[in-house]
Amino acid sequence: MLPIIITGAKGRMGQMLIACAARNSNLQVVGLIDQGDELRKGMEQAKVVIDFSSHNATPIFAEICAEQGKAMVIGTTGHSEAERNQIRHSSTKIPIVLSSNFSTGVNALFWLTRKAAQILGPDYDLEILELHHRLKRDAPSGTAKRLAEILAETRQLDLEEASRHGRSGVTGERTPTEIGIHSLRGGDVVGDHTVIFAGPGERVELTHKASNRETFANGALRAAEWVAGQKAGMYDMQDVLGLK
């Protein structure tokens, strides 16, 4: 059995990870960490730490894991560039899977988005729409950001210049290089993402809708089993699923 630690254990995702891990005969939870707990609790027994704490806590956990040679699966989002750099530094010592979304379906959406952008070409306008529950703190979602990155990479655009977060007032005509990103919040929606390719005379839409968090938790647990056997480096869910 693979011994794991779950951080952010009292949160929505932490609780779902605990429940799903209990049904996985390949895994054993040897530590649960949440705000106020000793960060190294149970660390000596674990091989992989699954982190769903908060973006500012993740670099600290990554540093501790690097010190102790523990692999990591990171599901927090909203990292600053400085935080990302700290995580990257830790990945020179340990294997880390960092993903904005661990759903198999969403990672299929990432792959399909890249292929559709390549096939349809520059004549299609690009828009991203995401909807989440009212309690979500960051916007746009990490998944929407990754979709925007994929579109920018495919079109060879500077994402910061191309991004348009909503529109208000007299904005003028839409430019061919814009990537629209729109965030909706309400109710208890787990997560909906749609990529729109609007072209002359037709529109292609790719949509993923999550109905519960179990799909994310099972994906993160799958990533934990995979990363335990990898060498040091930075990976994502596309690596875990063999989509690269």
# chains A, B, ... in the order shown; residues from 1 in each chain; ligands from 1
call {"tool": "residues_around", "arguments": {"residues": "Leu98 of chain A", "least_positions_apart": "5", "cutoff": "9 Å", "atoms": "only C-alpha atoms", "output": "list in words"}}
result
Met72, Val73, Ile74, Gly75, Thr76, Met234, Tyr235, Asp236 and Met237 of chain A
call {"tool": "write_last_selection", "arguments": {"atoms": "C-alpha atoms", "output": "PDB file, in the first residue's frame"}}
result
ATOM      1  CA  MET A  72       3.842  15.659  -4.117  1.00  0.00           C
ATOM      2  CA  VAL A  73       0.487  16.079  -5.811  1.00  0.00           C
ATOM      3  CA  ILE A  74      -0.617  19.736  -5.781  1.00  0.00           C
ATOM      4  CA  GLY A  75      -4.227  20.744  -6.380  1.00  0.00           C
ATOM      5  CA  THR A  76      -4.182  24.311  -5.045  1.00  0.00           C
ATOM      6  CA  MET A 234       7.461  19.009 -12.629  1.00  0.00           C
ATOM      7  CA  TYR A 235       4.561  17.059 -14.102  1.00  0.00           C
ATOM      8  CA  ASP A 236       0.855  17.612 -14.738  1.00  0.00           C
ATOM      9  CA  MET A 237      -2.217  15.434 -15.191  1.00  0.00           C
TER      10      MET A 237
END
call {"tool": "residues_around", "arguments": {"residues": "Gly186 of chain A", "least_positions_apart": "5", "cutoff": "8 Å", "atoms": "only C-alpha atoms", "output": "number ranges by chain"}}
result
A: 131-134
call {"tool": "write_last_selection", "arguments": {"atoms": "C-alpha atoms", "output": "short mmCIF file (atom, residue, chain, number, x, y, z; two decimals), in the first residue's frame"}}
result
data_model
loop_
_atom_site.label_atom_id
_atom_site.label_comp_id
_atom_site.auth_asym_id
_atom_site.auth_seq_id
_atom_site.Cartn_x
_atom_site.Cartn_y
_atom_site.Cartn_z
CA LEU A 131 -19.15 28.76 -13.68
CA HIS A 132 -18.47 27.79 -10.05
CA HIS A 133 -20.15 27.80 -6.65
CA ARG A 134 -20.56 31.02 -4.69
#
call {"tool": "residues_around", "arguments": {"residues": "segment 7-18 of chain A", "least_positions_apart": "2", "cutoff": "10 Å", "atoms": "only C-alpha atoms", "output": "VMD selection string"}}
result
chain A and resid 4 to 5 20 to 23 28 to 29 31 to 35 37 39 49 to 54 57 to 58 61 74 to 76 212 to 221
call {"tool": "write_last_selection", "arguments": {"atoms": "C-alpha atoms", "output": "mmCIF file, in the first residue's frame"}}
result
data_model
loop_
_atom_site.group_PDB
_atom_site.id
_atom_site.type_symbol
_atom_site.label_atom_id
_atom_site.label_comp_id
_atom_site.auth_asym_id
_atom_site.auth_seq_id
_atom_site.Cartn_x
_atom_site.Cartn_y
_atom_site.Cartn_z
ATOM 1 C CA ILE A 4 -0.077 9.243 1.732
ATOM 2 C CA ILE A 5 -0.683 12.469 3.651
ATOM 3 C CA CYS A 20 -12.182 8.126 -1.842
ATOM 4 C CA ALA A 21 -8.847 6.955 -0.404
ATOM 5 C CA ALA A 22 -10.736 4.733 2.059
ATOM 6 C CA ARG A 23 -12.185 2.853 -0.943
ATOM 7 C CA GLN A 28 -3.190 4.193 3.091
ATOM 8 C CA VAL A 29 -3.738 7.617 4.660
ATOM 9 C CA GLY A 31 -1.512 11.721 8.070
ATOM 10 C CA LEU A 32 -4.087 14.512 7.893
ATOM 11 C CA ILE A 33 -2.965 18.131 8.082
ATOM 12 C CA ASP A 34 -5.031 21.299 8.256
ATOM 13 C CA GLN A 35 -4.604 24.866 9.458
ATOM 14 C CA ASP A 37 -1.499 21.468 12.678
ATOM 15 C CA LEU A 39 3.229 20.666 9.110
ATOM 16 C CA VAL A 49 1.787 14.302 0.051
ATOM 17 C CA ILE A 50 -1.460 15.385 -1.626
ATOM 18 C CA ASP A 51 -1.852 19.125 -1.109
ATOM 19 C CA PHE A 52 -5.247 20.815 -1.273
ATOM 20 C CA SER A 53 -4.491 23.457 1.371
ATOM 21 C CA SER A 54 -4.094 27.004 -0.018
ATOM 22 C CA ALA A 57 0.803 27.237 2.053
ATOM 23 C CA THR A 58 1.763 25.045 -0.910
ATOM 24 C CA PHE A 61 4.768 22.061 2.014
ATOM 25 C CA ILE A 74 -0.617 19.736 -5.781
ATOM 26 C CA GLY A 75 -4.227 20.744 -6.380
ATOM 27 C CA THR A 76 -4.182 24.311 -5.045
ATOM 28 C CA ASN A 212 -19.477 16.206 -7.845
ATOM 29 C CA ARG A 213 -15.947 16.424 -6.483
ATOM 30 C CA GLU A 214 -15.333 12.697 -6.502
ATOM 31 C CA THR A 215 -13.942 12.827 -10.033
ATOM 32 C CA PHE A 216 -11.301 15.359 -8.901
ATOM 33 C CA ALA A 217 -10.410 13.356 -5.796
ATOM 34 C CA ASN A 218 -10.023 10.077 -7.680
ATOM 35 C CA GLY A 219 -7.861 11.820 -10.259
ATOM 36 C CA ALA A 220 -5.595 13.238 -7.547
ATOM 37 C CA LEU A 221 -5.286 9.782 -5.953
#
call {"tool": "select_by_dssp", "arguments": {"residues": "segment 19-235 of chain A", "states": "strand (DSSP E)", "output": "ChimeraX atom specification"}}
result
/A:27-33,48-51,71-74,95-98,125-132,163-165,179-185,191-199,202-210,233-235
call {"tool": "select_by_dssp", "arguments": {"residues": "chain A", "states": "helix (DSSP H, G or I)", "output": "count of residues only"}}
result
88
call {"tool": "residues_around", "arguments": {"residues": "Lys47 of chain A", "least_positions_apart": "5", "cutoff": "12 Å", "atoms": "only C-alpha atoms", "output": "list in words"}}
result
Met1, Leu2, Pro3, Ile4, Ile5, Ile6, Leu27, Gln28, Val29, Val30, Gly31, Gly42, Cys65, Ala66, Gln68, Gly69, Lys70, Ala71, Met72, Val73, Ile94, Pro95, Ala224, Glu225, Trp226, Val227, Ala228, Gly229 and Gln230 of chain A
call {"tool": "closest_residue", "arguments": {"among": "A:Lys209, A:Arg185, A:Lys231, A:Arg203", "to": "Lys136 of chain A", "atoms": "only C-alpha atoms"}}
result
A:Arg185
call {"tool": "closest_residue", "arguments": {"among": "A:Gly187, A:Pro122, A:Pro176, A:Gly142", "to": "Asn101 of chain A", "atoms": "only C-alpha atoms"}}
result
A:Gly142
call {"tool": "atom_distance", "arguments": {"atom1": "atom CA of Glu178 of chain A", "atom2": "atom CA of Ser99 of chain A"}}
result
24.8 Å
call {"tool": "closest_residue", "arguments": {"among": "A:Ala116, A:Lys244, A:Ile64, A:Ser211", "to": "Glu38 of chain A", "atoms": "only C-alpha atoms"}}
result
A:Ile64
call {"tool": "residues_around", "arguments": {"residues": "Gly121 of chain A", "least_positions_apart": "2", "cutoff": "12 Å", "atoms": "only C-alpha atoms", "output": "number ranges by chain"}}
result
A: 113-119, 123-126, 151, 154-156, 176-177, 197-200
call {"tool": "write_last_selection", "arguments": {"atoms": "C-alpha atoms", "output": "JSON list (two decimals), in the first residue's frame"}}
result
[["chain", "number", "residue", "atom", "x", "y", "z"],
["A", 113, "THR", "CA", -9.02, 22.35, -26.98],
["A", 114, "ARG", "CA", -5.47, 22.29, -28.33],
["A", 115, "LYS", "CA", -6.47, 20.07, -31.25],
["A", 116, "ALA", "CA", -9.53, 22.17, -32.10],
["A", 117, "ALA", "CA", -7.49, 25.38, -32.04],
["A", 118, "GLN", "CA", -4.95, 23.81, -34.40],
["A", 119, "ILE", "CA", -7.59, 22.51, -36.80],
["A", 123, "ASP", "CA", -10.45, 32.67, -38.29],
["A", 124, "TYR", "CA", -12.28, 31.49, -35.17],
["A", 125, "ASP", "CA", -12.71, 33.82, -32.19],
["A", 126, "LEU", "CA", -11.82, 32.32, -28.81],
["A", 151, "LEU", "CA", -5.18, 28.65, -26.68],
["A", 154, "THR", "CA", -1.48, 27.28, -30.00],
["A", 155, "ARG", "CA", -2.04, 30.73, -31.53],
["A", 156, "GLN", "CA", 1.44, 31.92, -30.42],
["A", 176, "PRO", "CA", -8.76, 38.69, -33.84],
["A", 177, "THR", "CA", -6.16, 38.05, -31.11],
["A", 197, "PHE", "CA", -14.66, 28.77, -31.17],
["A", 198, "ALA", "CA", -16.86, 31.28, -33.02],
["A", 199, "GLY", "CA", -16.19, 31.36, -36.74],
["A", 200, "PRO", "CA", -17.86, 32.60, -39.90]]
call {"tool": "residues_around", "arguments": {"residues": "segment 77-91 of chain A", "least_positions_apart": "6", "cutoff": "7 Å", "atoms": "only C-alpha atoms", "output": "PyMOL selection string"}}
result
chain A and resi 55+59+62-63+66+100+138+142+232-234
call {"tool": "write_last_selection", "arguments": {"atoms": "C-alpha atoms", "output": "compact mmCIF listing (two decimals), in the first residue's frame"}}
result
# COMPACT_ATOMS: atom_id res chain seq x y z
CA HIS A 55 -1.88 28.64 -2.61
CA PRO A 59 5.36 26.37 -1.33
CA ALA A 62 6.82 21.68 -1.18
CA GLU A 63 9.96 22.80 0.63
CA ALA A 66 11.89 18.37 -0.87
CA SER A 100 -5.39 22.97 -12.01
CA ASP A 138 -10.30 32.99 -7.02
CA GLY A 142 -7.29 27.53 -12.51
CA ALA A 232 12.40 14.55 -9.75
CA GLY A 233 10.66 17.07 -11.98
CA MET A 234 7.46 19.01 -12.63
call {"tool": "closest_residue", "arguments": {"among": "A:Ile128, A:Ala162, A:Ala108, A:Ile96", "to": "Thr194 of chain A", "atoms": "only C-alpha atoms"}}
result
A:Ile128
call {"tool": "atom_distance", "arguments": {"atom1": "atom CA of Glu160 of chain A", "atom2": "atom CA of Val195 of chain A"}}
result
18.1 Å
call {"tool": "atom_distance", "arguments": {"atom1": "atom CA of Leu184 of chain A", "atom2": "atom CA of Ser141 of chain A"}}
result
10.0 Å
call {"tool": "residues_around", "arguments": {"residues": "His182 of chain A", "least_positions_apart": "6", "cutoff": "10 Å", "atoms": "only C-alpha atoms", "output": "list in words"}}
result
Glu127, Ile128, Leu129, Glu130, Leu131, Ala139, Pro140, Ser141, Ala144, Arg164, His165, Gly166 and Arg167 of chain A
call {"tool": "write_last_selection", "arguments": {"atoms": "C-alpha atoms", "output": "tab-separated table (two decimals), in the first residue's frame"}}
result
chain	number	residue	atom	x	y	z
A	127	GLU	CA	-13.92	32.67	-25.65
A	128	ILE	CA	-13.85	30.79	-22.34
A	129	LEU	CA	-16.77	30.63	-19.91
A	130	GLU	CA	-16.51	29.15	-16.40
A	131	LEU	CA	-19.15	28.76	-13.68
A	139	ALA	CA	-11.32	33.98	-10.51
A	140	PRO	CA	-10.91	32.94	-13.19
A	141	SER	CA	-10.60	29.31	-12.14
A	144	ALA	CA	-10.01	28.41	-17.19
A	164	ARG	CA	-10.06	39.98	-21.98
A	165	HIS	CA	-11.75	39.42	-18.63
A	166	GLY	CA	-15.35	40.36	-19.31
A	167	ARG	CA	-16.46	43.40	-21.29
